[in-house]
Structures are given as structure tokens and as C-alpha cells.
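Undergrad: Supplied structure: coords06.csv, CSV, C-alpha atoms and all ligand atoms.
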```
chain,number,residue,atom,x,y,z
P,20,MET,CA,7.6,-23.7,-2.1
P,21,PRO,CA,5.9,-20.8,-3.9
P,22,THR,CA,6.3,-20.7,-7.7
P,23,LEU,CA,8.0,-17.6,-9.1
P,24,ALA,CA,6.7,-18.0,-12.7
P,25,LEU,CA,5.2,-14.8,-14.0
P,26,ASP,CA,2.8,-16.6,-16.3
P,27,ALA,CA,-0.7,-15.4,-17.3
P,28,ALA,CA,-2.4,-17.2,-14.4
P,29,THR,CA,0.0,-15.6,-11.8
P,30,LEU,CA,-0.6,-12.2,-13.3
P,31,GLU,CA,-4.3,-12.8,-13.1
P,32,LYS,CA,-4.0,-13.7,-9.5
P,33,LEU,CA,-2.0,-10.6,-8.7
P,34,VAL,CA,-4.4,-8.3,-10.5
P,35,SER,CA,-7.4,-10.0,-8.9
P,36,ALA,CA,-5.9,-9.3,-5.5
P,37,ALA,CA,-5.3,-5.7,-6.4
P,38,VAL,CA,-8.9,-5.1,-7.7
P,39,ALA,CA,-10.4,-6.6,-4.5
P,40,ALA,CA,-9.3,-3.3,-2.8
P,41,PRO,CA,-11.9,-0.7,-1.7
P,42,SER,CA,-12.4,2.3,-4.0
P,43,ILE,CA,-14.6,5.3,-3.8
P,44,HIS,CA,-18.1,4.3,-4.9
P,45,ASN,CA,-16.5,1.1,-6.1
P,46,SER,CA,-15.3,3.1,-9.1
P,47,GLN,CA,-12.1,0.9,-9.5
P,48,PRO,CA,-10.2,3.7,-11.1
P,49,TRP,CA,-7.1,1.6,-12.0
P,50,ARG,CA,-5.4,-0.1,-15.0
P,51,PHE,CA,-2.5,-2.5,-15.0
P,52,ARG,CA,0.1,-3.2,-17.6
P,53,PHE,CA,2.8,-5.8,-17.3
P,54,GLN,CA,6.2,-5.1,-18.8
P,55,PRO,CA,7.9,-8.4,-19.4
P,56,ASP,CA,11.3,-7.0,-20.1
P,57,THR,CA,11.6,-5.5,-16.6
P,58,SER,CA,9.2,-7.9,-14.9
P,59,THR,CA,7.3,-4.8,-13.8
P,60,LEU,CA,3.6,-4.4,-13.2
P,61,GLU,CA,2.6,-0.7,-13.9
P,62,VAL,CA,-0.4,0.7,-12.1
P,63,ARG,CA,-2.2,3.7,-13.7
P,64,ALA,CA,-5.1,5.8,-12.9
P,65,ASP,CA,-8.2,5.2,-15.0
P,66,ARG,CA,-9.8,8.7,-15.2
P,67,ASN,CA,-12.8,7.2,-17.1
P,68,ARG,CA,-14.1,6.1,-13.7
P,69,ALA,CA,-13.2,9.2,-11.7
P,70,VAL,CA,-15.8,10.8,-9.5
P,71,PRO,CA,-15.2,14.5,-10.2
P,72,ALA,CA,-17.9,16.0,-8.0
P,73,ALA,CA,-16.9,14.2,-4.9
P,74,ASP,CA,-13.2,14.1,-5.7
P,75,PRO,CA,-12.2,17.1,-7.9
P,76,GLN,CA,-8.5,16.8,-6.9
P,77,GLY,CA,-8.3,13.0,-7.5
P,78,ARG,CA,-7.3,12.5,-3.8
P,79,ALA,CA,-9.8,9.7,-3.3
P,80,LEU,CA,-8.7,8.2,-6.6
P,81,HIS,CA,-5.1,8.0,-5.3
P,82,ILE,CA,-6.3,6.5,-2.0
P,83,SER,CA,-8.2,3.9,-3.9
P,84,VAL,CA,-5.2,3.0,-6.1
P,85,GLY,CA,-2.9,3.0,-3.1
P,86,ALA,CA,-5.2,0.4,-1.5
P,87,ALA,CA,-4.9,-1.7,-4.7
P,88,VAL,CA,-1.1,-1.4,-4.6
P,89,LEU,CA,-1.1,-2.7,-1.0
P,90,ASN,CA,-3.0,-5.8,-2.1
P,91,LEU,CA,-0.5,-6.3,-5.0
P,92,ARG,CA,2.4,-6.1,-2.5
P,93,VAL,CA,0.8,-8.5,-0.1
P,94,ALA,CA,-0.1,-10.9,-3.0
P,95,ALA,CA,3.4,-10.7,-4.4
P,96,ARG,CA,4.9,-11.5,-1.0
P,97,HIS,CA,2.5,-14.4,-0.7
P,98,LEU,CA,3.6,-15.8,-4.1
P,99,GLY,CA,7.3,-15.6,-3.0
P,100,TRP,CA,8.6,-12.3,-4.3
P,101,ALA,CA,10.3,-9.4,-2.6
P,102,PRO,CA,8.4,-6.8,-4.6
P,103,ASP,CA,10.0,-3.4,-5.3
P,104,VAL,CA,7.2,-0.9,-5.1
P,105,ARG,CA,7.7,2.7,-6.4
P,106,LEU,CA,5.1,5.4,-6.1
P,107,LEU,CA,4.8,8.0,-8.8
P,108,PRO,CA,8.1,6.8,-10.4
P,109,ASP,CA,7.9,9.1,-13.5
P,110,PRO,CA,7.3,12.8,-13.0
P,111,ALA,CA,6.6,13.1,-16.7
P,112,GLU,CA,3.7,10.6,-16.4
P,113,PRO,CA,1.6,11.6,-13.4
P,114,ASP,CA,-1.0,9.0,-14.1
P,115,LEU,CA,1.5,6.2,-13.7
P,116,LEU,CA,0.8,6.0,-10.0
P,117,ALA,CA,3.0,3.0,-9.1
P,118,THR,CA,5.3,0.3,-10.4
P,119,VAL,CA,5.8,-3.1,-8.7
P,120,ARG,CA,8.9,-4.9,-9.9
P,121,LEU,CA,8.8,-8.7,-9.5
P,122,ASP,CA,12.3,-10.0,-10.2
P,123,THR,CA,13.6,-10.8,-6.8
P,124,PRO,CA,12.6,-13.9,-4.8
P,125,ALA,CA,12.0,-13.2,-1.1
P,126,THR,CA,14.8,-14.4,1.1
P,127,VAL,CA,12.9,-13.8,4.4
P,128,SER,CA,9.3,-14.3,5.2
P,129,VAL,CA,7.2,-11.4,6.4
P,130,PRO,CA,5.4,-12.3,9.7
P,131,GLY,CA,1.6,-12.3,9.3
P,132,ILE,CA,1.7,-12.0,5.5
P,133,GLU,CA,-0.4,-15.1,4.9
P,134,LYS,CA,-3.2,-13.9,7.2
P,135,LEU,CA,-3.2,-10.5,5.4
P,136,TYR,CA,-3.3,-12.3,2.1
P,137,GLU,CA,-6.3,-14.3,3.1
P,138,ALA,CA,-8.0,-11.2,4.4
P,139,ILE,CA,-7.9,-9.6,0.9
P,140,TRP,CA,-10.7,-11.9,-0.2
P,141,ARG,CA,-12.8,-11.6,3.0
P,142,ARG,CA,-12.7,-7.8,3.6
P,143,HIS,CA,-15.9,-5.9,2.7
P,144,SER,CA,-17.3,-2.6,3.7
P,145,ILE,CA,-20.0,-3.2,6.3
P,146,ARG,CA,-22.6,-0.4,6.5
P,147,THR,CA,-25.0,-2.0,9.0
P,148,PRO,CA,-25.1,-1.4,12.8
P,149,PHE,CA,-22.2,-3.0,14.8
P,150,THR,CA,-22.8,-4.8,18.1
P,151,GLY,CA,-21.2,-2.1,20.3
P,152,GLU,CA,-18.6,-4.5,21.7
P,153,PRO,CA,-15.4,-2.5,22.1
P,154,VAL,CA,-12.4,-3.4,19.9
P,155,PRO,CA,-9.6,-4.4,22.2
P,156,ALA,CA,-6.7,-2.0,22.7
P,157,ALA,CA,-4.2,-4.6,21.5
P,158,VAL,CA,-6.0,-4.9,18.2
P,159,LEU,CA,-6.3,-1.2,17.8
P,160,ASP,CA,-2.5,-1.0,18.5
P,161,GLU,CA,-1.9,-3.5,15.8
P,162,LEU,CA,-3.9,-1.5,13.3
P,163,ALA,CA,-2.0,1.7,14.2
P,164,THR,CA,1.3,-0.3,13.6
P,165,GLY,CA,0.0,-1.2,10.2
P,166,ALA,CA,-0.7,2.4,9.3
P,167,ARG,CA,2.8,3.5,10.6
P,168,PHE,CA,4.4,0.8,8.4
P,169,GLU,CA,3.0,2.7,5.4
P,170,ASP,CA,4.1,6.2,6.7
P,171,ALA,CA,0.7,7.2,7.9
P,172,VAL,CA,-0.8,7.6,11.3
P,173,LEU,CA,-4.0,6.1,12.8
P,174,HIS,CA,-5.4,8.2,15.6
P,175,LEU,CA,-8.0,7.1,18.1
P,176,PRO,CA,-10.0,10.2,19.0
P,177,ASP,CA,-11.6,10.4,22.4
P,178,HIS,CA,-15.4,10.7,23.0
P,179,GLU,CA,-15.4,14.5,22.5
P,180,GLN,CA,-13.2,14.4,19.4
P,181,THR,CA,-15.3,11.6,17.9
P,182,ALA,CA,-18.5,13.6,18.5
P,183,ARG,CA,-16.8,16.6,16.7
P,184,LEU,CA,-15.8,14.5,13.7
P,185,LEU,CA,-19.2,12.9,13.4
P,186,HIS,CA,-20.7,16.4,13.6
P,187,LEU,CA,-18.5,17.5,10.7
P,188,THR,CA,-19.4,14.3,8.8
P,189,ALA,CA,-23.1,15.0,9.3
P,190,GLU,CA,-22.6,18.6,8.0
P,191,ALA,CA,-20.9,17.1,4.9
P,192,GLU,CA,-23.7,14.6,4.5
P,193,ARG,CA,-26.2,17.4,4.5
P,194,ARG,CA,-24.2,19.2,1.8
P,195,ASN,CA,-23.8,16.1,-0.3
P,196,ALA,CA,-27.5,15.5,-0.1
P,197,THR,CA,-28.4,19.0,-1.3
P,198,ASP,CA,-25.5,19.7,-3.8
P,199,PRO,CA,-27.0,18.8,-7.2
P,200,ALA,CA,-23.6,17.6,-8.7
P,201,GLN,CA,-22.8,15.4,-5.7
P,202,ARG,CA,-26.3,14.0,-5.5
P,203,THR,CA,-26.4,13.1,-9.2
P,204,GLU,CA,-22.9,11.6,-9.2
P,205,SER,CA,-23.4,9.4,-6.1
P,206,ARG,CA,-26.8,8.3,-7.4
P,207,SER,CA,-25.2,7.2,-10.6
P,208,TRP,CA,-22.8,4.8,-8.9
P,209,ILE,CA,-25.6,2.8,-7.3
P,210,ARG,CA,-26.7,-0.4,-9.1
P,211,THR,CA,-30.0,-2.2,-9.1
P,212,GLY,CA,-30.9,-5.1,-11.4
P,213,ALA,CA,-28.5,-6.2,-14.1
P,214,VAL,CA,-25.4,-4.2,-13.4
P,215,PRO,CA,-21.9,-3.5,-14.7
P,216,PRO,CA,-19.2,-4.9,-12.4
P,217,TYR,CA,-18.5,-1.5,-10.8
P,218,GLY,CA,-20.5,0.8,-8.7
P,219,ILE,CA,-22.3,-0.3,-5.5
P,220,PRO,CA,-25.2,-2.8,-5.5
P,221,ALA,CA,-28.2,-1.5,-3.6
P,222,GLU,CA,-27.9,-4.6,-1.3
P,223,ALA,CA,-24.5,-3.5,0.0
P,224,LEU,CA,-26.0,-0.3,1.4
P,225,GLY,CA,-27.1,0.0,5.0
P,226,PRO,CA,-29.8,1.8,6.9
P,227,GLN,CA,-29.5,5.3,8.3
P,228,ASP,CA,-29.0,5.7,12.1
P,229,ALA,CA,-32.4,6.0,13.8
P,230,ALA,CA,-30.8,8.0,16.6
P,231,GLY,CA,-29.0,10.3,14.2
P,232,ARG,CA,-25.6,9.8,15.8
P,233,LEU,CA,-23.8,8.1,12.9
P,234,PRO,CA,-24.1,9.9,9.6
P,235,MET,CA,-23.7,6.9,7.3
P,236,ARG,CA,-23.5,8.0,3.7
P,237,ASP,CA,-26.9,8.1,2.2
P,238,PHE,CA,-26.2,7.4,-1.4
P,239,ALA,CA,-29.7,8.9,-2.1
P,240,ALA,CA,-29.8,6.7,-5.0
P,241,ILE,CA,-32.1,3.8,-4.4
P,242,ARG,CA,-35.8,4.0,-5.0
P,243,SER,CA,-37.7,4.7,-1.8
P,244,THR,CA,-39.1,1.1,-1.9
P,245,GLU,CA,-35.5,-0.1,-1.6
P,246,HIS,CA,-34.5,2.2,1.2
P,247,HIS,CA,-33.7,0.3,4.4
P,248,ALA,CA,-35.8,1.2,7.5
P,249,PRO,CA,-33.7,3.3,9.9
P,250,ALA,CA,-32.0,1.2,12.6
P,251,LEU,CA,-30.2,1.9,15.8
P,252,PHE,CA,-26.4,1.9,15.5
P,253,GLU,CA,-23.8,1.4,18.2
P,254,ARG,CA,-24.0,4.2,20.9
P,255,GLU,CA,-20.3,4.7,21.1
P,256,PRO,CA,-18.9,4.3,17.6
P,257,ARG,CA,-15.2,3.5,17.5
P,258,ILE,CA,-13.8,5.9,14.9
P,259,ALA,CA,-10.2,5.9,13.8
P,260,VAL,CA,-8.7,8.8,11.9
P,261,LEU,CA,-6.0,8.2,9.2
P,262,THR,CA,-3.6,11.1,8.6
P,263,THR,CA,-0.5,11.7,6.6
P,264,GLU,CA,2.2,14.2,7.4
P,265,HIS,CA,1.8,16.1,4.1
P,266,ASP,CA,-0.9,16.3,1.5
P,267,THR,CA,0.7,15.5,-1.9
P,268,PRO,CA,-0.4,12.9,-4.4
P,269,GLU,CA,2.3,10.6,-2.9
P,270,ASP,CA,0.8,11.1,0.5
P,271,TRP,CA,-2.7,10.2,-0.9
P,272,LEU,CA,-1.3,7.0,-2.3
P,273,ARG,CA,0.4,6.2,1.0
P,274,ALA,CA,-2.9,6.9,2.8
P,275,GLY,CA,-4.4,4.2,0.5
P,276,LEU,CA,-1.7,1.7,1.3
P,277,ALA,CA,-2.2,2.5,5.0
P,278,LEU,CA,-6.0,2.3,4.7
P,279,GLU,CA,-5.9,-1.2,3.2
P,280,HIS,CA,-3.2,-2.4,5.6
P,281,VAL,CA,-5.5,-1.3,8.5
P,282,LEU,CA,-8.6,-2.9,6.9
P,283,LEU,CA,-6.8,-6.2,6.2
P,284,ALA,CA,-5.4,-6.3,9.8
P,285,ALA,CA,-8.9,-5.6,11.1
P,286,THR,CA,-10.3,-8.4,9.0
P,287,VAL,CA,-7.7,-10.8,10.4
P,288,HIS,CA,-9.1,-10.1,13.8
P,289,GLY,CA,-12.7,-10.3,12.8
P,290,VAL,CA,-13.2,-6.5,13.1
P,291,ARG,CA,-15.5,-5.0,10.5
P,292,ALA,CA,-15.1,-1.5,9.0
P,293,SER,CA,-17.0,1.1,7.1
P,294,LEU,CA,-15.6,4.3,5.8
P,295,LEU,CA,-16.9,7.9,6.4
P,296,HIS,CA,-15.3,10.0,3.7
P,297,GLN,CA,-18.0,12.7,3.4
P,298,ALA,CA,-16.2,15.4,5.4
P,299,MET,CA,-13.1,14.9,3.2
P,300,GLU,CA,-15.1,16.0,0.2
P,301,TRP,CA,-15.6,19.6,1.5
P,302,PRO,CA,-12.2,21.5,1.9
P,303,TYR,CA,-13.3,23.6,4.9
P,304,LEU,CA,-14.8,20.5,6.7
P,305,ARG,CA,-11.7,18.5,6.0
P,306,ARG,CA,-9.6,21.4,7.4
P,307,GLU,CA,-11.8,21.5,10.5
P,308,ALA,CA,-11.3,17.7,11.0
P,309,ARG,CA,-7.6,18.4,11.6
P,310,ASP,CA,-6.5,18.5,15.2
P,311,PRO,CA,-3.3,20.5,14.8
P,312,HIS,CA,-2.4,20.5,18.5
P,313,ARG,CA,-2.7,16.9,19.4
P,314,HIS,CA,-2.3,15.3,15.9
P,315,PRO,CA,-0.7,17.4,13.3
P,316,GLY,CA,-1.1,16.0,9.8
P,317,TYR,CA,-3.7,15.9,7.1
P,318,VAL,CA,-6.9,13.8,7.6
P,319,GLN,CA,-7.4,11.4,4.8
P,320,MET,CA,-10.1,9.1,6.1
P,321,LEU,CA,-12.4,8.3,9.0
P,322,ILE,CA,-12.7,4.5,9.6
P,323,ARG,CA,-15.6,3.1,11.7
P,324,LEU,CA,-14.5,-0.2,13.4
P,325,GLY,CA,-16.5,-2.8,15.3
P,326,TYR,CA,-18.1,-6.2,15.2
P,327,GLY,CA,-21.0,-7.2,13.0
P,328,PRO,CA,-21.9,-9.5,10.1
P,329,GLU,CA,-19.2,-10.5,7.6
P,330,GLY,CA,-21.1,-8.9,4.7
P,331,ALA,CA,-21.0,-9.8,1.0
P,332,PRO,CA,-18.6,-8.9,-1.8
P,333,THR,CA,-19.4,-6.2,-4.2
P,334,PRO,CA,-18.6,-6.9,-7.9
P,335,ARG,CA,-15.3,-6.2,-9.5
P,336,LEU,CA,-14.1,-5.9,-13.1
P,337,ALA,CA,-12.3,-9.1,-14.1
P,338,ALA,CA,-8.5,-9.0,-14.0
P,339,GLY,CA,-8.5,-9.3,-17.8
P,340,ASP,CA,-10.6,-6.1,-18.2
P,341,VAL,CA,-8.1,-4.0,-16.4
P,342,LEU,CA,-4.8,-5.7,-17.4
P,343,GLU,CA,-3.3,-4.6,-20.7
P,344,ALA,CA,-0.5,-6.3,-22.6
P,345,GLY,CA,2.8,-4.4,-22.1
P,346,SER,CA,5.3,-3.5,-24.8
P,347,ALA,CA,7.9,-6.3,-24.9
G,401,LIG,C1,-11.5,6.9,-0.9
G,401,LIG,C2,-12.7,6.1,-0.5
G,401,LIG,C3,-13.8,6.7,0.0
G,401,LIG,C4,-14.9,5.9,0.4
G,401,LIG,N1,-16.0,6.6,1.0
G,401,LIG,C5,-17.0,5.9,1.5
G,401,LIG,C6,-18.1,6.5,2.2
G,401,LIG,O1,-18.0,7.7,2.5
G,401,LIG,N2,-19.1,5.7,2.6
G,401,LIG,C7,-19.2,4.4,2.4
G,401,LIG,O2,-20.1,3.7,2.8
G,401,LIG,N3,-18.1,3.7,1.8
G,401,LIG,C8,-17.1,4.5,1.3
G,401,LIG,N4,-16.1,3.8,0.7
G,401,LIG,C9,-16.1,2.4,0.5
G,401,LIG,C10,-16.5,2.0,-0.9
G,401,LIG,O3,-17.8,2.3,-1.2
G,401,LIG,C11,-16.2,0.5,-1.1
G,401,LIG,O4,-14.9,0.2,-0.9
G,401,LIG,C12,-16.6,0.0,-2.5
G,401,LIG,O5,-18.0,0.1,-2.6
G,401,LIG,C13,-16.2,-1.5,-2.6
G,401,LIG,O6,-16.9,-2.3,-1.7
G,401,LIG,P1,-16.1,-3.2,-0.6
G,401,LIG,O7,-15.3,-2.2,0.3
G,401,LIG,O8,-17.1,-3.9,0.2
G,401,LIG,O9,-15.1,-4.1,-1.4
G,401,LIG,C14,-14.9,4.5,0.3
G,401,LIG,C15,-13.8,3.9,-0.3
G,401,LIG,C16,-12.7,4.6,-0.6
G,401,LIG,C17,-11.4,3.9,-1.1
```
What would you get if you wrote out this structure as C-alpha cells?
Ligand SMILES: Cc1cc2nc3c(=O)[nH]c(=O)nc-3n(C[C@H](O)[C@H](O)[C@H](O)COP(=O)(O)O)c2cc1C
TA:
Amino acid sequence: MPTLALDAATLEKLVSAAVAAPSIHNSQPWRFRFQPDTSTLEVRADRNRAVPAADPQGRALHISVGAAVLNLRVAARHLGWAPDVRLLPDPAEPDLLATVRLDTPATVSVPGIEKLYEAIWRRHSIRTPFTGEPVPAAVLDELATGARFEDAVLHLPDHEQTARLLHLTAEAERRNATDPAQRTESRSWIRTGAVPPYGIPAEALGPQDAAGRLPMRDFAAIRSTEHHAPALFEREPRIAVLTTEHDTPEDWLRAGLALEHVLLAATVHGVRASLLHQAMEWPYLRREARDPHRHPGYVQMLIRLGYGPEGAPTPRLAAGDVLEAGSA
């Protein structure tokens, strides 16, 4: 039987699960506060680790925090609660992005929750070439179901659409590489040597595609001696497109929940993923990425799926560094 004690060790476990979520440039732009009187974990944006050049609106920040909230929900379920998750619960406090109330024991078990929970600790971004083996339709269907559960949609573009999206991403990548603010900012998040527990270690980066088909983000940050030699990536990349019906901060949070739900479900099936967010960082390219006839909705993320090495974790701030004591 799960224990329902909300002691310090349990809070640490919950927050550790939350911070294992992906975030733009591993910025980990979140803070947590536990309110013992209401048994509520509050999740706030930490703007000290925002990435203003790539994300002036804070859309990627909301997606990152949404992903952390999904992990919190899954971990709470694993521990035996029926968590009550509210997004943007207080219009007077826009940086309070979510609350998770933990005062009700679960009465029914959620199918598959244990596998999703285990996947929290095994999911990593994989930026190396995939084998090219296709992801089975049944697995892709399950990922789409995960996105729908969070009020988002996961589309699977055909060959032509994929080529168009990769073309837009390549254009964004060119702009990121030449825009001084973007270049400086993305460089500043790459870590070599003794590093703080946020930002991306150079070892977690991958090569560029020797065939020029897959515009992987070149963080343009590592010294040339640390650049990987270009390598051949899969010929027919499986790209999935995550969209939401509207484009408000709440939709961005939902996109984050959906993104992490998809990534955890993929991990359960041994499917690896990397994210191609570059075109989302240039408003006209993001608009172009929409397919209003076939798939109305706002594009929030391109996800590359396939098979490859499991990869290594990137560092995280400790739970204690992002968890504040609440007012009793
Ligand atoms: C909103 C958002 C945008 C991201 N954009 C990219 C991207 O364009 N390219 C990339 O390689 N990784 C991207 N990532 C992945 C992060 O770099 C990654 O989650 C972070 O470094 C932590 O590593 P992990 O996913 O292995 O835990 C993005 C993540 C989020 C949440």
C-alpha cells in the first residue's frame, strides 16, 4: 500500500520527479512551495532562469513548467493520491502557474501509471542519429492518445509536410545562428567543465546531419575542438507535431503536460525523442508551420521520434534548491 504521508521525504520525491522534466535549454524555470494548511504544492515560474531572446513571450517557459506539472501528477498518483491539478488558479498572480492539491487518496488505479512513473527517471533528450527503424503505428496511436488526454493534439505529418516543417526549422536554425542575441543566449546555456546544475552539458549535444536533412539545433556554444563530427541521420525522420486549439498561457501549459505525457509514453516503449523548437522561436515561421486546412490549431513543438541509444541524464537543481517552505 502506498503511504499518504506528506513528509519532507515525500515532498522531495515529488519535486525530484517534477524537476526531471525537460525544459528549454535545461533552464529549469520553476519554483515549488508547499502549503501545509491546504496540502497544496504551488508551482511558480522562476523568471531568473528565463531565456528572453529565444522565448520573449514565455511560451517555452510555460511548456517547460507544464511538463514538470505532468511529472508531479504522475508521481502523486504513483504515491497513492488523486491529485487535484489547477492551471493558472489565480488571475492576480500570473506567475503561479499551477497548484497540485494532495489531500485525497486515490480510490481507483490509473492504468499504466507505474510505467509512466518509471519513465520519468529514464527519459532523456537524444540528439544523436536514430536507426531509421519505423515507430509502429500502434505506439504512435498511444502517444497521440496521451496528447489528447491533456487537451492537445499530436499530428503525424506525411513525407511532404515533414519536409516542409524541416525546411522551416532549417530557416529558423539559420536565423538563430546569425542573430546575435539568440547566439549569445544559447551559447550561455552550454556547460563545459565544472558546471552549475542547469544548462546543457556539452556531452549531451549531438552532431549535425551530414546530409543536411535534419536541422538539429546547433547550440553554437562549444569550442570547435568539442564539436562532434557531422554524422548521417535517419533518412526518413518521424516528426510529430504537437498543437493546441488556442494559444494562451493555459494552452502553453497544457502543451507542456501533453509533451511530457507523449515523451514518457514513448520512453515506456523504448522510443527516443529529441525536440526541434527552433521554428517556434520566430513568429512568422511558427505561423507557417500551421496547417490550417488539415490540422487547425497552434503548433507548440516538433518532436522527433525513433530508436537509438538511451542517453545520459543532464544535471538538475536539487529538490531542496527549488522547494520553498510555505506559510503555515
Ligand atoms: C520548450 C522546450 C524547447 C526545447 N527545444 C529544444 C531544441 O530546440 N533542441 C534540442 O535539442 N532540445 C530542446 N529541448 C530539450 C531541452 O534541451 C532538454 O529538455 C534539457 O536540456 C534537459 O535535458 P533532458 O531532456 O535530457 O532531460 C527543449 C525543451 C523544451 C521543454
Undergrad: Enumerate, as a list in words, the protein, DNA and RNA residues whose atoms approach (-16.6, 4.0, -4.6) to within 9 Å, taking into account all atoms listed in the file and the coordinate frame of the file.
TA: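 Returned residue set, sorted by chain then number, is Pro41, Ser42, Ile43, His44, Asn45, Ser46, Gln47, Val70, Ala79, Ser83, Ser205, Trp208, Tyr217, Gly218 and Ile219 of chain P.
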Undergrad: Return the single residue from P:Ala72, P:Ala27, P:Ala331, P:Leu107 that is closest to ligand LIG 401 (chain G), with distances computed using all atoms listed in the file.
TA: P:Ala331
Undergrad: Can you work out the spacing between atom O2 of ligand LIG 401 (chain G) and CA of Leu60 in chain P in Å, to one decimal?
TA: 29.7 Å
Undergrad: Do you know which residues are at most 7 Å from Leu173 in chain P counting only C-alpha atoms, after dropping those on the same chain fewer than 5 positions away, and could you put them as a ChimeraX atom specification?
TA: /P:163,166,259-262
Undergrad: Could you please determine the separation between CA of Phe149 in chain P and CA of Ala191 in chain P in Å, to one decimal place?
TA: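 Straight-line distance from CA of Phe149 in chain P to CA of Ala191 in chain P works out to 22.4 Å.
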Undergrad: To one decimal place, how far is CA of Asp114 in chain P from CA of Ala138 in chain P in Å?
TA: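 We find that CA of Asp114 in chain P and CA of Ala138 in chain P lie 28.3 Å from each other.
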Undergrad: Using only C-alpha atoms, pick whichever of P:Leu175, P:Leu80, P:Leu294, P:Ala284 has the shortest atom-to-atom distance to Val158 in chain P.
TA: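 When distances to Val158 in chain P are compared using only C-alpha atoms, the smallest one comes from P:Ala284.
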Undergrad: Given all atoms listed in the file as the basis, pick out the residue of P:Asp122, P:Asp266, P:Glu329, P:Glu169 nearest to ligand LIG 401 (chain G).
TA: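 Counting all atoms listed in the file, the residue closest to ligand LIG 401 (chain G) is P:Glu329.
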Undergrad: Which residue, P:Trp301, P:Trp100, P:Phe238, P:Tyr326, has the smallest gap to ligand LIG 401 (chain G) when you use only C-alpha atoms and all ligand atoms?
TA: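 Ranking P:Trp301, P:Trp100, P:Phe238, P:Tyr326 by distance to ligand LIG 401 (chain G), first place goes to P:Phe238.
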Undergrad: Return the single residue from P:Pro71, P:Pro220, P:Pro311, P:Pro226 that is closest to Pro332 in chain P, with distances computed using all atoms listed in the file.
TA: P:Pro220
Undergrad: In terms of the shortest atom-to-atom distance over all atoms listed in the file, which of P:Ala292, P:Leu121, P:Val34, P:Ala73 is closest to Pro148 in chain P?
TA: P:Ala292
Undergrad: Identify the residues around (9.8, -12.2, 2.5) within a radius of 7 Å, measuring from only C-alpha atoms in the coordinates stated by the file, and give them as a list in words.
TA: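 So the residues meeting the distance criterion are Arg96, Gly99, Trp100, Ala101, Ala125, Thr126, Val127, Ser128 and Val129 of chain P.
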Undergrad: Can you list, as a list of chain:residue names, every protein, DNA or RNA residue that comes within 10 Å of Arg146 in chain P when you count all atoms listed in the file, leaving out same-chain residues fewer than 2 positions away?
TA: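 So, after excluding close chain neighbours, the residues are P:His143, P:Ser144, P:Pro148, P:Phe149, P:Ala223, P:Leu224, P:Gly225, P:Pro226, P:Gln227, P:Met235, P:Arg236, P:Arg291, P:Ala292, P:Ser293, P:Leu294, P:Arg323, P:Gly327, P:Pro328, P:Gly330.
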Undergrad: Using only C-alpha atoms, which protein or nucleic acid residues come within 12 Å of Val172 in chain P? Drop anything in the same chain fewer than 6 positions from it, and give the result as an NGL selection string.
TA: :P and (160 or 162-166 or 259-265 or 270 or 273-278 or 280-281 or 314-321)
Undergrad: Save out the residues we just selected, C-alpha atoms, as a PDB file, in the coordinates of the input.
TA:
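Written out: part-v3.pdb:
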```pdb
ATOM      1  CA  ASP P 160      -2.500  -1.000  18.500  1.00  0.00           C
ATOM      2  CA  LEU P 162      -3.900  -1.500  13.300  1.00  0.00           C
ATOM      3  CA  ALA P 163      -2.000   1.700  14.200  1.00  0.00           C
ATOM      4  CA  THR P 164       1.300  -0.300  13.600  1.00  0.00           C
ATOM      5  CA  GLY P 165       0.000  -1.200  10.200  1.00  0.00           C
ATOM      6  CA  ALA P 166      -0.700   2.400   9.300  1.00  0.00           C
ATOM      7  CA  ALA P 259     -10.200   5.900  13.800  1.00  0.00           C
ATOM      8  CA  VAL P 260      -8.700   8.800  11.900  1.00  0.00           C
ATOM      9  CA  LEU P 261      -6.000   8.200   9.200  1.00  0.00           C
ATOM     10  CA  THR P 262      -3.600  11.100   8.600  1.00  0.00           C
ATOM     11  CA  THR P 263      -0.500  11.700   6.600  1.00  0.00           C
ATOM     12  CA  GLU P 264       2.200  14.200   7.400  1.00  0.00           C
ATOM     13  CA  HIS P 265       1.800  16.100   4.100  1.00  0.00           C
ATOM     14  CA  ASP P 270       0.800  11.100   0.500  1.00  0.00           C
ATOM     15  CA  ARG P 273       0.400   6.200   1.000  1.00  0.00           C
ATOM     16  CA  ALA P 274      -2.900   6.900   2.800  1.00  0.00           C
ATOM     17  CA  GLY P 275      -4.400   4.200   0.500  1.00  0.00           C
ATOM     18  CA  LEU P 276      -1.700   1.700   1.300  1.00  0.00           C
ATOM     19  CA  ALA P 277      -2.200   2.500   5.000  1.00  0.00           C
ATOM     20  CA  LEU P 278      -6.000   2.300   4.700  1.00  0.00           C
ATOM     21  CA  HIS P 280      -3.200  -2.400   5.600  1.00  0.00           C
ATOM     22  CA  VAL P 281      -5.500  -1.300   8.500  1.00  0.00           C
ATOM     23  CA  HIS P 314      -2.300  15.300  15.900  1.00  0.00           C
ATOM     24  CA  PRO P 315      -0.700  17.400  13.300  1.00  0.00           C
ATOM     25  CA  GLY P 316      -1.100  16.000   9.800  1.00  0.00           C
ATOM     26  CA  TYR P 317      -3.700  15.900   7.100  1.00  0.00           C
ATOM     27  CA  VAL P 318      -6.900  13.800   7.600  1.00  0.00           C
ATOM     28  CA  GLN P 319      -7.400  11.400   4.800  1.00  0.00           C
ATOM     29  CA  MET P 320     -10.100   9.100   6.100  1.00  0.00           C
ATOM     30  CA  LEU P 321     -12.400   8.300   9.000  1.00  0.00           C
TER      31      LEU P 321
END
```
Undergrad: Identify, on the basis of all atoms listed in the file, every residue whose closest approach to His97 in chain P does not exceed 12 Å; exclude the query and any residue fewer than 5 positions from it along the same chain; express the result as a PyMOL selection string.
TA: chain P and resi 20-23+29+32-33+36+90-92+102+124-125+127-137+139
Undergrad: Skipping near chain neighbours, those fewer than 6 positions away, what residues fall within 12 Å of Glu222 in chain P using only C-alpha atoms, listed as a PyMOL selection string?
TA: chain P and resi 144-147+209-212+241+245-247+330-334
Undergrad: Could you give me the centre and size, in Å to one decimal, of an axis-aligned box around all listed atoms of range 192-196 of chain P with 6 Å added on every side, as JSON?
TA:
```
{"center_x": -25.6, "center_y": 16.9, "center_z": 2.1, "size_x": 15.8, "size_y": 16.6, "size_z": 16.8}
```
